[in-house]
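Colleague: I am sharing coords.pdb, which consists of PDB, C-alpha atoms:
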```
ATOM      1  CA  MET A1174      -4.289  86.464 -94.252
ATOM      2  CA  THR A1175      -5.499  83.279 -95.910
ATOM      3  CA  VAL A1176      -7.571  80.350 -94.695
ATOM      4  CA  THR A1177      -5.402  77.389 -93.664
ATOM      5  CA  LEU A1178      -6.113  73.677 -93.585
ATOM      6  CA  ARG A1179      -5.356  73.691 -89.870
ATOM      7  CA  GLN A1180      -8.098  76.255 -89.287
ATOM      8  CA  LEU A1181     -10.568  74.187 -91.295
ATOM      9  CA  ARG A1182      -9.714  71.031 -89.341
ATOM     10  CA  TYR A1183     -10.118  72.851 -86.045
ATOM     11  CA  PHE A1184     -13.402  74.409 -87.149
ATOM     12  CA  ILE A1185     -14.823  71.038 -88.239
ATOM     13  CA  ALA A1186     -13.837  69.542 -84.876
ATOM     14  CA  LEU A1187     -15.517  72.434 -83.062
ATOM     15  CA  ALA A1188     -18.675  72.055 -85.146
ATOM     16  CA  GLU A1189     -18.830  68.311 -84.497
ATOM     17  CA  THR A1190     -18.244  68.539 -80.728
ATOM     18  CA  GLY A1191     -19.945  71.857 -79.984
ATOM     19  CA  HIS A1192     -17.343  72.588 -77.320
ATOM     20  CA  PHE A1193     -13.892  74.209 -77.422
ATOM     21  CA  GLY A1194     -12.386  71.835 -74.869
ATOM     22  CA  ARG A1195     -13.639  68.659 -76.535
ATOM     23  CA  ALA A1196     -12.649  69.955 -79.972
ATOM     24  CA  ALA A1197      -9.136  70.709 -78.700
ATOM     25  CA  GLY A1198      -8.845  67.165 -77.367
ATOM     26  CA  LEU A1199     -10.067  65.763 -80.670
ATOM     27  CA  VAL A1200      -7.317  67.512 -82.662
ATOM     28  CA  HIS A1201      -4.684  67.128 -79.912
ATOM     29  CA  VAL A1202      -3.994  70.803 -79.174
ATOM     30  CA  SER A1203      -4.612  73.072 -76.203
ATOM     31  CA  GLN A1204      -7.926  74.876 -75.923
ATOM     32  CA  PRO A1205      -6.350  78.350 -76.197
ATOM     33  CA  ALA A1206      -4.501  77.335 -79.358
ATOM     34  CA  LEU A1207      -7.707  76.104 -80.959
ATOM     35  CA  SER A1208      -9.577  79.237 -79.884
ATOM     36  CA  VAL A1209      -6.923  81.450 -81.487
ATOM     37  CA  GLN A1210      -7.202  79.583 -84.795
ATOM     38  CA  ILE A1211     -10.997  79.871 -84.823
ATOM     39  CA  ARG A1212     -10.804  83.613 -84.182
ATOM     40  CA  GLU A1213      -8.247  84.005 -86.966
ATOM     41  CA  LEU A1214     -10.530  82.067 -89.319
ATOM     42  CA  GLU A1215     -13.427  84.383 -88.444
ATOM     43  CA  ALA A1216     -11.211  87.424 -88.969
ATOM     44  CA  THR A1217     -10.023  86.175 -92.352
ATOM     45  CA  LEU A1218     -13.584  85.495 -93.515
ATOM     46  CA  ASP A1219     -14.868  88.651 -91.813
ATOM     47  CA  ALA A1220     -17.780  86.677 -90.380
ATOM     48  CA  GLN A1221     -18.874  85.208 -87.060
ATOM     49  CA  LEU A1222     -18.972  81.426 -87.394
ATOM     50  CA  VAL A1223     -20.042  80.390 -83.888
ATOM     51  CA  ASP A1224     -22.131  81.777 -81.072
ATOM     52  CA  ARG A1225     -20.118  81.320 -77.893
ATOM     53  CA  GLN A1226     -22.372  80.195 -75.040
ATOM     54  CA  PRO A1227     -21.617  79.205 -71.408
ATOM     55  CA  ARG A1228     -21.868  75.467 -72.107
ATOM     56  CA  GLY A1229     -20.545  75.331 -75.632
ATOM     57  CA  VAL A1230     -20.965  76.823 -79.076
ATOM     58  CA  VAL A1231     -23.681  76.923 -81.723
ATOM     59  CA  LEU A1232     -22.970  77.520 -85.399
ATOM     60  CA  THR A1233     -24.286  80.676 -86.979
ATOM     61  CA  PRO A1234     -25.980  80.467 -90.407
ATOM     62  CA  THR A1235     -22.669  81.533 -91.950
ATOM     63  CA  GLY A1236     -20.915  78.894 -89.843
ATOM     64  CA  HIS A1237     -23.148  76.158 -91.280
ATOM     65  CA  GLU A1238     -22.317  77.275 -94.820
ATOM     66  CA  VAL A1239     -18.585  77.426 -94.091
ATOM     67  CA  LEU A1240     -18.769  73.977 -92.467
ATOM     68  CA  ARG A1241     -20.281  72.509 -95.642
ATOM     69  CA  HIS A1242     -17.456  73.893 -97.773
ATOM     70  CA  ALA A1243     -14.799  72.936 -95.210
ATOM     71  CA  ARG A1244     -15.914  69.310 -95.180
ATOM     72  CA  ALA A1245     -15.953  69.193 -98.976
ATOM     73  CA  MET A1246     -12.426  70.608 -99.111
ATOM     74  CA  MET A1247     -11.115  68.107 -96.556
ATOM     75  CA  ASP A1248     -12.770  65.228 -98.450
ATOM     76  CA  ASN A1249     -11.057  66.377-101.653
ATOM     77  CA  LEU A1250      -7.749  66.624 -99.825
ATOM     78  CA  ARG A1251      -8.097  63.060 -98.493
ATOM     79  CA  THR A1252      -8.866  61.823-101.998
ATOM     80  CA  LEU A1253      -5.787  63.602-103.352
ATOM     81  CA  GLU A1254      -3.556  62.211-100.602
ATOM     82  CA  GLN A1255      -4.831  58.674-101.130
ATOM     83  CA  ALA A1256      -4.369  58.871-104.892
ATOM     84  CA  ALA A1257      -0.709  59.775-104.417
ATOM     85  CA  ARG A1258      -0.087  57.492-101.439
ATOM     86  CA  TRP A1259      -1.640  54.331-102.856
ATOM     87  CA  ARG A1260      -0.820  54.710-106.520
ATOM     88  CA  ARG A1261       1.446  51.657-106.391
ATOM     89  CA  GLY A1262      -0.392  49.715-103.666
ATOM     90  CA  LEU A1263      -0.607  49.663 -99.889
ATOM     91  CA  ALA A1264       1.531  52.307 -98.220
ATOM     92  CA  GLY A1265       1.338  55.039 -95.617
ATOM     93  CA  GLN A1266      -1.692  55.127 -93.329
ATOM     94  CA  LEU A1267      -4.732  52.917 -93.795
ATOM     95  CA  THR A1268      -7.864  53.104 -91.646
ATOM     96  CA  LEU A1269      -9.862  49.874 -91.786
ATOM     97  CA  GLY A1270     -13.247  49.129 -90.239
ATOM     98  CA  VAL A1271     -14.268  45.586 -89.265
ATOM     99  CA  ILE A1272     -17.561  44.294 -87.850
ATOM    100  CA  PRO A1273     -17.367  42.741 -84.330
ATOM    101  CA  THR A1274     -18.330  39.235 -85.478
ATOM    102  CA  VAL A1275     -15.303  39.153 -87.803
ATOM    103  CA  ALA A1276     -12.596  41.309 -86.191
ATOM    104  CA  PRO A1277     -11.488  39.033 -83.286
ATOM    105  CA  TYR A1278     -11.070  36.048 -85.599
ATOM    106  CA  LEU A1279      -9.797  37.438 -88.916
ATOM    107  CA  LEU A1280      -7.441  40.175 -87.683
ATOM    108  CA  PRO A1281      -5.000  37.925 -85.743
ATOM    109  CA  VAL A1282      -4.432  36.026 -88.993
ATOM    110  CA  ALA A1283      -4.550  39.032 -91.328
ATOM    111  CA  LEU A1284      -2.327  41.483 -89.465
ATOM    112  CA  PRO A1285       0.888  39.430 -89.767
ATOM    113  CA  LEU A1286       0.233  39.076 -93.506
ATOM    114  CA  LEU A1287      -0.265  42.834 -93.881
ATOM    115  CA  ARG A1288       2.853  43.559 -91.845
ATOM    116  CA  ALA A1289       4.912  41.117 -93.898
ATOM    117  CA  GLU A1290       3.731  42.766 -97.113
ATOM    118  CA  ASN A1291       4.690  46.264 -95.969
ATOM    119  CA  VAL A1292       6.355  46.720 -92.597
ATOM    120  CA  MET A1293       5.929  50.519 -92.895
ATOM    121  CA  LEU A1294       2.142  50.352 -93.338
ATOM    122  CA  ASP A1295       0.427  52.388 -90.610
ATOM    123  CA  LEU A1296      -2.761  50.378 -90.105
ATOM    124  CA  ARG A1297      -5.517  51.706 -87.877
ATOM    125  CA  VAL A1298      -8.518  49.489 -87.136
ATOM    126  CA  ARG A1299     -11.989  50.433 -85.951
ATOM    127  CA  GLU A1300     -14.394  47.726 -84.759
ATOM    128  CA  ALA A1301     -18.068  48.684 -85.003
ATOM    129  CA  GLN A1302     -21.403  47.489 -86.329
ATOM    130  CA  THR A1303     -22.142  47.710 -90.036
ATOM    131  CA  GLU A1304     -24.274  50.859 -89.936
ATOM    132  CA  ALA A1305     -21.591  52.837 -88.104
ATOM    133  CA  LEU A1306     -18.815  51.572 -90.395
ATOM    134  CA  ILE A1307     -20.703  52.536 -93.543
ATOM    135  CA  ALA A1308     -21.403  56.006 -92.115
ATOM    136  CA  ASP A1309     -17.696  56.466 -91.343
ATOM    137  CA  LEU A1310     -16.749  55.140 -94.774
ATOM    138  CA  MET A1311     -19.052  57.562 -96.573
ATOM    139  CA  ALA A1312     -17.786  60.432 -94.399
ATOM    140  CA  GLY A1313     -14.160  59.663 -95.245
ATOM    141  CA  ARG A1314     -13.204  58.548 -91.740
ATOM    142  CA  LEU A1315     -12.473  55.029 -93.018
ATOM    143  CA  ASP A1316     -10.646  53.933 -96.158
ATOM    144  CA  ALA A1317     -12.269  50.489 -96.349
ATOM    145  CA  ALA A1318     -14.396  48.152 -94.233
ATOM    146  CA  VAL A1319     -14.863  44.411 -93.785
ATOM    147  CA  ILE A1320     -18.580  43.662 -93.520
ATOM    148  CA  ALA A1321     -21.155  41.074 -94.568
ATOM    149  CA  LEU A1322     -22.327  41.524 -98.158
ATOM    150  CA  PRO A1323     -24.317  42.993 -99.712
ATOM    151  CA  SER A1324     -23.847  46.347 -98.028
ATOM    152  CA  GLY A1325     -27.128  47.788 -99.290
ATOM    153  CA  GLN A1326     -25.416  51.170 -99.674
ATOM    154  CA  GLY A1327     -25.081  52.922-103.003
ATOM    155  CA  GLY A1328     -21.779  54.470-103.987
ATOM    156  CA  LEU A1329     -19.639  51.638-102.625
ATOM    157  CA  VAL A1330     -17.358  49.194-104.410
ATOM    158  CA  GLU A1331     -17.664  45.660-103.003
ATOM    159  CA  THR A1332     -15.511  42.578-103.409
ATOM    160  CA  GLU A1333     -16.147  39.205-101.775
ATOM    161  CA  LEU A1334     -13.437  37.747 -99.539
ATOM    162  CA  PHE A1335     -14.833  34.378 -98.415
ATOM    163  CA  GLU A1336     -17.957  32.431 -97.490
ATOM    164  CA  ASP A1337     -18.494  31.968 -93.761
ATOM    165  CA  ARG A1338     -20.926  29.144 -92.961
ATOM    166  CA  PHE A1339     -23.052  28.915 -89.818
ATOM    167  CA  LEU A1340     -23.056  25.969 -87.431
ATOM    168  CA  LEU A1341     -25.625  25.257 -84.741
ATOM    169  CA  ALA A1342     -24.192  25.417 -81.220
ATOM    170  CA  GLY A1343     -25.707  24.241 -77.968
ATOM    171  CA  SER A1344     -25.077  22.070 -74.955
ATOM    172  CA  GLN A1345     -24.001  18.489 -75.550
ATOM    173  CA  SER A1346     -27.385  17.147 -74.429
ATOM    174  CA  GLN A1347     -29.317  19.536 -76.692
ATOM    175  CA  ILE A1348     -27.245  18.759 -79.776
ATOM    176  CA  ALA A1349     -27.372  15.028 -79.018
ATOM    177  CA  ALA A1350     -31.173  15.202 -78.890
ATOM    178  CA  LEU A1351     -31.261  16.984 -82.244
ATOM    179  CA  ARG A1352     -28.966  14.386 -83.796
ATOM    180  CA  GLU A1353     -31.454  11.681 -82.880
ATOM    181  CA  THR A1354     -33.928  13.258 -85.299
ATOM    182  CA  GLY A1355     -31.466  12.938 -88.192
ATOM    183  CA  ASP A1356     -27.904  13.675 -89.267
ATOM    184  CA  ARG A1357     -28.659  17.111 -90.625
ATOM    185  CA  LEU A1358     -31.019  19.846 -89.473
ATOM    186  CA  ARG A1359     -32.511  22.685 -91.490
ATOM    187  CA  PRO A1360     -32.511  26.190 -89.970
ATOM    188  CA  ARG A1361     -36.274  26.557 -90.348
ATOM    189  CA  GLU A1362     -36.782  23.498 -88.138
ATOM    190  CA  ILE A1363     -35.401  25.306 -85.066
ATOM    191  CA  LYS A1364     -38.066  26.429 -82.619
ATOM    192  CA  PRO A1365     -37.928  30.228 -82.247
ATOM    193  CA  ASP A1366     -38.158  30.131 -78.460
ATOM    194  CA  ARG A1367     -34.917  28.108 -78.311
ATOM    195  CA  LEU A1368     -32.858  30.528 -80.380
ATOM    196  CA  LEU A1369     -30.469  32.910 -78.626
ATOM    197  CA  LEU A1370     -28.910  35.621 -80.793
ATOM    198  CA  LEU A1371     -26.860  38.800 -80.539
ATOM    199  CA  ASP A1372     -28.238  42.158 -79.484
ATOM    200  CA  GLU A1373     -30.195  44.057 -82.107
ATOM    201  CA  GLY A1374     -27.943  45.988 -84.447
ATOM    202  CA  HIS A1375     -25.566  43.117 -85.149
ATOM    203  CA  CYS A1376     -25.982  42.013 -88.746
ATOM    204  CA  LEU A1377     -25.329  38.398 -87.713
ATOM    205  CA  ALA A1378     -28.595  38.400 -85.735
ATOM    206  CA  ASP A1379     -30.506  39.603 -88.796
ATOM    207  CA  GLN A1380     -28.839  36.969 -90.979
ATOM    208  CA  ALA A1381     -29.700  34.192 -88.535
ATOM    209  CA  LEU A1382     -33.339  35.270 -88.411
ATOM    210  CA  GLU A1383     -33.434  35.413 -92.199
ATOM    211  CA  VAL A1384     -32.143  31.879 -92.737
ATOM    212  CA  CYS A1385     -34.653  30.638 -90.148
ATOM    213  CA  GLY A1386     -37.480  32.378 -91.974
ATOM    214  CA  LEU A1387     -38.338  34.466 -88.904
ATOM    215  CA  ASP A1388     -39.547  38.045 -88.531
ATOM    216  CA  ARG A1389     -38.283  39.618 -85.313
ATOM    217  CA  PRO A1390     -41.548  41.351 -84.234
ATOM    218  CA  ALA A1391     -43.583  38.150 -84.587
ATOM    219  CA  THR A1392     -41.363  35.795 -82.605
ATOM    220  CA  ARG A1393     -40.150  35.121 -79.104
ATOM    221  CA  VAL A1394     -36.529  35.144 -80.182
ATOM    222  CA  ASP A1395     -34.297  36.310 -77.323
ATOM    223  CA  LEU A1396     -31.888  38.968 -78.577
ATOM    224  CA  GLY A1397     -29.888  39.472 -75.427
ATOM    225  CA  ALA A1398     -26.160  38.839 -75.855
ATOM    226  CA  SER A1399     -23.548  41.372 -76.870
ATOM    227  CA  SER A1400     -20.862  39.061 -78.250
ATOM    228  CA  LEU A1401     -20.327  35.623 -79.736
ATOM    229  CA  ALA A1402     -18.198  34.732 -76.705
ATOM    230  CA  THR A1403     -21.201  35.406 -74.441
ATOM    231  CA  LEU A1404     -23.486  33.366 -76.683
ATOM    232  CA  ALA A1405     -21.119  30.384 -76.734
ATOM    233  CA  ARG A1406     -20.911  30.266 -72.972
ATOM    234  CA  LEU A1407     -24.637  30.695 -72.458
ATOM    235  CA  VAL A1408     -25.655  27.929 -74.821
ATOM    236  CA  SER A1409     -22.960  25.587 -73.471
ATOM    237  CA  GLU A1410     -24.814  25.817 -70.135
ATOM    238  CA  GLY A1411     -28.114  24.916 -71.736
ATOM    239  CA  PHE A1412     -29.566  28.385 -72.354
ATOM    240  CA  GLY A1413     -30.941  27.656 -75.800
ATOM    241  CA  LEU A1414     -29.216  27.294 -79.164
ATOM    242  CA  THR A1415     -27.308  29.732 -81.342
ATOM    243  CA  PHE A1416     -25.547  30.130 -84.668
ATOM    244  CA  LEU A1417     -21.747  30.282 -84.647
ATOM    245  CA  PRO A1418     -19.892  31.442 -87.778
ATOM    246  CA  GLU A1419     -17.253  29.011 -88.914
ATOM    247  CA  ILE A1420     -14.453  31.568 -88.520
ATOM    248  CA  ALA A1421     -15.294  31.891 -84.794
ATOM    249  CA  LEU A1422     -15.132  28.205 -83.904
ATOM    250  CA  ARG A1423     -11.510  27.912 -82.795
ATOM    251  CA  ALA A1424     -11.701  30.934 -80.538
ATOM    252  CA  GLU A1425     -15.143  30.413 -79.051
ATOM    253  CA  THR A1426     -14.968  26.672 -78.451
ATOM    254  CA  ALA A1427     -11.538  26.726 -76.781
ATOM    255  CA  GLY A1428     -12.042  26.224 -73.063
ATOM    256  CA  THR A1429     -15.841  26.201 -73.376
ATOM    257  CA  ASP A1430     -16.707  22.877 -71.753
ATOM    258  CA  GLY A1431     -20.039  21.400 -72.658
ATOM    259  CA  LEU A1432     -20.383  23.147 -76.022
ATOM    260  CA  ALA A1433     -21.373  20.950 -78.957
ATOM    261  CA  LEU A1434     -21.697  21.785 -82.670
ATOM    262  CA  MET A1435     -23.846  20.504 -85.497
ATOM    263  CA  ARG A1436     -23.741  21.272 -89.201
ATOM    264  CA  PHE A1437     -26.908  22.130 -91.044
ATOM    265  CA  ALA A1438     -28.221  20.249 -94.052
ATOM    266  CA  GLU A1439     -27.158  21.392 -97.508
ATOM    267  CA  PRO A1440     -27.286  24.068 -98.674
ATOM    268  CA  GLN A1441     -25.644  25.171 -95.461
ATOM    269  CA  PRO A1442     -26.580  28.706 -94.338
ATOM    270  CA  GLY A1443     -23.842  31.293 -94.157
ATOM    271  CA  ARG A1444     -22.795  34.826 -94.958
ATOM    272  CA  ARG A1445     -20.535  36.440 -97.535
ATOM    273  CA  ILE A1446     -17.740  38.452 -95.958
ATOM    274  CA  GLY A1447     -16.428  41.215 -98.175
ATOM    275  CA  LEU A1448     -14.359  44.371 -98.390
ATOM    276  CA  VAL A1449     -15.975  47.684 -99.381
ATOM    277  CA  ARG A1450     -14.718  51.172-100.225
ATOM    278  CA  ARG A1451     -16.077  54.433-101.559
ATOM    279  CA  GLY A1452     -15.805  55.434-105.173
ATOM    280  CA  ALA A1453     -16.470  54.451-108.737
ATOM    281  CA  SER A1454     -15.851  51.015-110.200
ATOM    282  CA  GLN A1455     -12.368  51.664-111.636
ATOM    283  CA  PRO A1456      -9.605  49.440-110.195
ATOM    284  CA  GLU A1457      -7.638  50.713-107.190
ATOM    285  CA  PRO A1458      -4.326  48.854-106.668
ATOM    286  CA  TRP A1459      -4.293  49.350-102.894
ATOM    287  CA  PHE A1460      -7.855  48.019-102.574
ATOM    288  CA  GLU A1461      -7.168  44.958-104.690
ATOM    289  CA  GLU A1462      -3.977  44.267-102.747
ATOM    290  CA  LEU A1463      -5.760  44.618 -99.407
ATOM    291  CA  ALA A1464      -8.606  42.367-100.559
ATOM    292  CA  GLY A1465      -6.104  39.721-101.675
ATOM    293  CA  LEU A1466      -4.352  39.709 -98.302
ATOM    294  CA  LEU A1467      -7.634  39.553 -96.368
ATOM    295  CA  ARG A1468      -8.910  36.812 -98.673
ATOM    296  CA  ASP A1469      -5.730  34.825 -98.008
ATOM    297  CA  ALA A1470      -6.191  35.333 -94.257
ATOM    298  CA  GLY A1471      -9.795  34.136 -94.448
ATOM    299  CA  GLU A1472      -8.823  31.013 -96.363
ATOM    300  CA  ARG A1473      -6.094  30.247 -93.833
ATOM    301  CA  LEU A1474      -8.492  30.717 -90.942
ATOM    302  CA  LEU A1475     -11.144  28.475 -92.482
ATOM    303  CA  SER A1476      -8.494  25.859 -93.233
ATOM    304  CA  GLN A1477      -7.449  25.889 -89.586
ATOM    305  CA  VAL A1478     -10.989  25.200 -88.371
ATOM    306  CA  SER A1479     -11.959  22.649 -91.043
ATOM    307  CA  GLN A1480     -10.593  19.650 -89.133
ATOM    308  CA  GLN A1481     -12.202  20.773 -85.901
ATOM    309  CA  CYS A1482     -15.697  21.118 -87.311
ATOM    310  CA  GLY A1483     -15.501  18.702 -90.225
ATOM    311  CA  ALA A1484     -17.253  15.968 -88.324
ATOM    312  CA  ALA A1485     -19.623  18.249 -86.418
TER     313      ALA A1485
END
```
Take the structure in the file and write it out as structure tokens.

Modeller:
Amino acid sequence: MTVTLRQLRYFIALAETGHFGRAAGLVHVSQPALSVQIRELEATLDAQLVDRQPRGVVLTPTGHEVLRHARAMMDNLRTLEQAARWRRGLAGQLTLGVIPTVAPYLLPVALPLLRAENVMLDLRVREAQTEALIADLMAGRLDAAVIALPSGQGGLVETELFEDRFLLAGSQSQIAALRETGDRLRPREIKPDRLLLLDEGHCLADQALEVCGLDRPATRVDLGASSLATLARLVSEGFGLTFLPEIALRAETAGTDGLALMRFAEPQPGRRIGLVRRGASQPEPWFEELAGLLRDAGERLLSQVSQQCGAA
């Protein structure tokens, strides 16, 4: 008997979940079928890989060593498959990660462009915060991710897609009062106790604090909202002020009565949205093609909102 890729996949799932039932669900097989494959793997290697306990399993020392090699083999297999699949550009299955403050706005514009380019492309999207996306990217669970640059992670190739500027959002009365002090406001002139931002962990909250020159532990900044939609509705009712990225304006201002916007003084604060992947710096046709399509989508989205916020 020889070790099979199926056995390695099942073993990795078992190691990650610590439970036969959950591992079976993860790889979409029955629990008995997975159990048989694990026993066959142990028989082939002539070693016990897991200690079977009433509430789950624990890897043996040999199991930990086999897991390390199994993961390395599966990573190499993914690299081989991608090299063949994407040699001439986007094709087959692509798993893309996108941060939550970009996904709801960019994807509705980008997906039709991707579908028009290759109707057979099997695109799978995961929305998560930057830290989780980078971890999945490094582990091979994602092929690429759309995040705010720089990533701060070594071993990644980055390419910029577009610049996304921030606007100040608040109730009509609050923004009107700020306009009386001048046509343009600088971020550092905002009082910290009036600023409402996203929950901790969202990179947009960190970026907003940075452009305001604020350190989270030393301020009274209220980090209490989980989405830009929540923020827009809160500030429209007078609960402070917030930063809205330009790409979010059409979606978050539609139907939000009482919300007003104001541009900051030059240089306007913003963030660089980019696409990242694992690997060395050599060109990858599929990555360049994907970046071009996402860049086109970003430009189209920003063009759509330019008239709306041009006079803000």

Colleague: Translate the PyMOL selection byres ((chain A and resi 1401) around 12), as applied to the file shown, into an explicit residue set as a PDB file with C-alpha atoms, in the frame of the given file.

Modeller:
```pdb
ATOM      1  CA  PRO A1273     -17.367  42.741 -84.330  1.00  0.00           C
ATOM      2  CA  THR A1274     -18.330  39.235 -85.478  1.00  0.00           C
ATOM      3  CA  VAL A1275     -15.303  39.153 -87.803  1.00  0.00           C
ATOM      4  CA  ALA A1276     -12.596  41.309 -86.191  1.00  0.00           C
ATOM      5  CA  PRO A1277     -11.488  39.033 -83.286  1.00  0.00           C
ATOM      6  CA  TYR A1278     -11.070  36.048 -85.599  1.00  0.00           C
ATOM      7  CA  ALA A1342     -24.192  25.417 -81.220  1.00  0.00           C
ATOM      8  CA  LEU A1369     -30.469  32.910 -78.626  1.00  0.00           C
ATOM      9  CA  LEU A1370     -28.910  35.621 -80.793  1.00  0.00           C
ATOM     10  CA  LEU A1371     -26.860  38.800 -80.539  1.00  0.00           C
ATOM     11  CA  ASP A1372     -28.238  42.158 -79.484  1.00  0.00           C
ATOM     12  CA  HIS A1375     -25.566  43.117 -85.149  1.00  0.00           C
ATOM     13  CA  LEU A1377     -25.329  38.398 -87.713  1.00  0.00           C
ATOM     14  CA  ALA A1378     -28.595  38.400 -85.735  1.00  0.00           C
ATOM     15  CA  GLY A1397     -29.888  39.472 -75.427  1.00  0.00           C
ATOM     16  CA  ALA A1398     -26.160  38.839 -75.855  1.00  0.00           C
ATOM     17  CA  SER A1399     -23.548  41.372 -76.870  1.00  0.00           C
ATOM     18  CA  SER A1400     -20.862  39.061 -78.250  1.00  0.00           C
ATOM     19  CA  ALA A1402     -18.198  34.732 -76.705  1.00  0.00           C
ATOM     20  CA  THR A1403     -21.201  35.406 -74.441  1.00  0.00           C
ATOM     21  CA  LEU A1404     -23.486  33.366 -76.683  1.00  0.00           C
ATOM     22  CA  ALA A1405     -21.119  30.384 -76.734  1.00  0.00           C
ATOM     23  CA  ARG A1406     -20.911  30.266 -72.972  1.00  0.00           C
ATOM     24  CA  LEU A1407     -24.637  30.695 -72.458  1.00  0.00           C
ATOM     25  CA  VAL A1408     -25.655  27.929 -74.821  1.00  0.00           C
ATOM     26  CA  THR A1415     -27.308  29.732 -81.342  1.00  0.00           C
ATOM     27  CA  PHE A1416     -25.547  30.130 -84.668  1.00  0.00           C
ATOM     28  CA  LEU A1417     -21.747  30.282 -84.647  1.00  0.00           C
ATOM     29  CA  PRO A1418     -19.892  31.442 -87.778  1.00  0.00           C
ATOM     30  CA  GLU A1419     -17.253  29.011 -88.914  1.00  0.00           C
ATOM     31  CA  ILE A1420     -14.453  31.568 -88.520  1.00  0.00           C
ATOM     32  CA  ALA A1421     -15.294  31.891 -84.794  1.00  0.00           C
ATOM     33  CA  LEU A1422     -15.132  28.205 -83.904  1.00  0.00           C
ATOM     34  CA  ALA A1424     -11.701  30.934 -80.538  1.00  0.00           C
ATOM     35  CA  GLU A1425     -15.143  30.413 -79.051  1.00  0.00           C
ATOM     36  CA  THR A1426     -14.968  26.672 -78.451  1.00  0.00           C
TER      37      THR A1426
END
```

Colleague: By how many Å are atom CA of A:Met1247 and atom CA of A:Ala1196 apart?

Modeller: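 Computing it gives 16.8 Å between the two atoms.
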
Colleague: Expressed in Å to a single decimal, how great is the separation between atom CA of A:Leu1322 and atom CA of A:Glu1304?

Modeller: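 Those two atoms sit 12.6 Å apart.
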
Colleague: Which value, in Å to one decimal, gives the distance between atom CA of A:Ala1220 and atom CA of A:Glu1238?

Modeller: 11.3 Å

Colleague: Need to verify the contact set: A:Gly1447, 6 Å, all atoms listed in the file, exclusion of same-chain residues closer than 2 positions in sequence. Can you return it as number ranges by chain?

Modeller: A: 1319-1322, 1332-1334

Colleague: Given the selection you just returned, output its residues as a file containing C-alpha atoms, formatted as a PDB file, in the frame of the given file.

Modeller:
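Saved to again-v4.pdb:
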```pdb
ATOM      1  CA  VAL A1319     -14.863  44.411 -93.785  1.00  0.00           C
ATOM      2  CA  ILE A1320     -18.580  43.662 -93.520  1.00  0.00           C
ATOM      3  CA  ALA A1321     -21.155  41.074 -94.568  1.00  0.00           C
ATOM      4  CA  LEU A1322     -22.327  41.524 -98.158  1.00  0.00           C
ATOM      5  CA  THR A1332     -15.511  42.578-103.409  1.00  0.00           C
ATOM      6  CA  GLU A1333     -16.147  39.205-101.775  1.00  0.00           C
ATOM      7  CA  LEU A1334     -13.437  37.747 -99.539  1.00  0.00           C
TER       8      LEU A1334
END
```

Colleague: Could you tell me, as an MDAnalysis selection string, exactly which residues end up selected when the PyMOL selection byres ((chain A and resi 1348-1355) around 10) is applied to this structure?

Modeller: chainID A and resid 1341:1347 1356:1358 1363 1414 1432:1435 1438

Colleague: Neighbours of A:Ser1208 within 12 Å (all atoms listed in the file; same-chain residues fewer than 2 positions away dropped), as a list in words?

Modeller: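 Result of the neighbour search: Gln1180, Tyr1183, Phe1184, Ala1186, Leu1187, His1192, Phe1193, Gly1194, Arg1195, Ala1196, Ala1197, Val1202, Ser1203, Gln1204, Pro1205, Ala1206, Gln1210, Ile1211, Arg1212, Glu1213, Leu1214, Glu1215, Val1223, Arg1225 and Val1230 of chain A.
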
Colleague: At a cut-off of 12 Å around the point (3.5, 28.6, -93.3) (file coordinates), what residues fall inside when counting all atoms listed in the file? I'd like the answer as a ChimeraX atom specification.

Modeller: /A:1282,1285-1286,1470,1473,1477

Colleague: Would you mind listing what lies within 10 Å of A:Leu1240 as a PyMOL selection string, with only C-alpha atoms counted and same-chain residues fewer than 3 positions away left out?

Modeller: chain A and resi 1181+1184-1185+1188-1189+1222+1232+1234-1237+1243-1246

Colleague: For this structure, which residues satisfy the selection - the PyMOL selection byres ((chain A and resi 1439-1444) around 8) - when it is evaluated on the file as given? I want them as a ChimeraX atom specification.

Modeller: /A:1321-1322,1336-1339,1360,1380,1384,1418,1436-1438,1445-1446

Colleague: Quick one: of A:Leu1284, A:Ala1317, A:Ala1312, A:Ile1272, who's nearest to A:Glu1300, counting only C-alpha atoms?

Modeller: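 Closest to A:Glu1300 of all the choices is A:Ile1272.
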
Colleague: Taking all atoms listed in the file into account, name the residue in A:Ile1307, A:Leu1287, A:Leu1296, A:Ala1381 that is nearest to A:Glu1462.

Modeller: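 For A:Glu1462, the nearest of the given residues is A:Leu1287.
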
Colleague: Measuring atom to atom with only C-alpha atoms, identify which of A:Ser1409, A:Leu1250, A:Gly1327, A:Val1176 is nearest to A:Ala1427.

Modeller: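 Closest to A:Ala1427 of all the choices is A:Ser1409.
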
Colleague: Skipping near chain neighbours, those fewer than 2 positions away, what residues fall within 8 Å of A:Leu1306 using only C-alpha atoms, listed as a compact mmCIF listing (two decimals) with C-alpha atoms, in the frame of the given file?

Modeller:
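For reference, selection_39.txt as written:
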```
# COMPACT_ATOMS: atom_id res chain seq x y z
CA GLY A 1270 -13.25 49.13 -90.24
CA VAL A 1271 -14.27 45.59 -89.26
CA ILE A 1272 -17.56 44.29 -87.85
CA ALA A 1301 -18.07 48.68 -85.00
CA GLN A 1302 -21.40 47.49 -86.33
CA THR A 1303 -22.14 47.71 -90.04
CA GLU A 1304 -24.27 50.86 -89.94
CA ALA A 1308 -21.40 56.01 -92.12
CA ASP A 1309 -17.70 56.47 -91.34
CA LEU A 1310 -16.75 55.14 -94.77
CA LEU A 1315 -12.47 55.03 -93.02
CA ALA A 1318 -14.40 48.15 -94.23
```

Colleague: From the list A:Pro1227, A:Gly1325, A:Gly1411, A:Pro1281, which residue is nearest A:Gly1431 when using all atoms listed in the file?

Modeller: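 So, comparing all the options, the nearest one is A:Gly1411.
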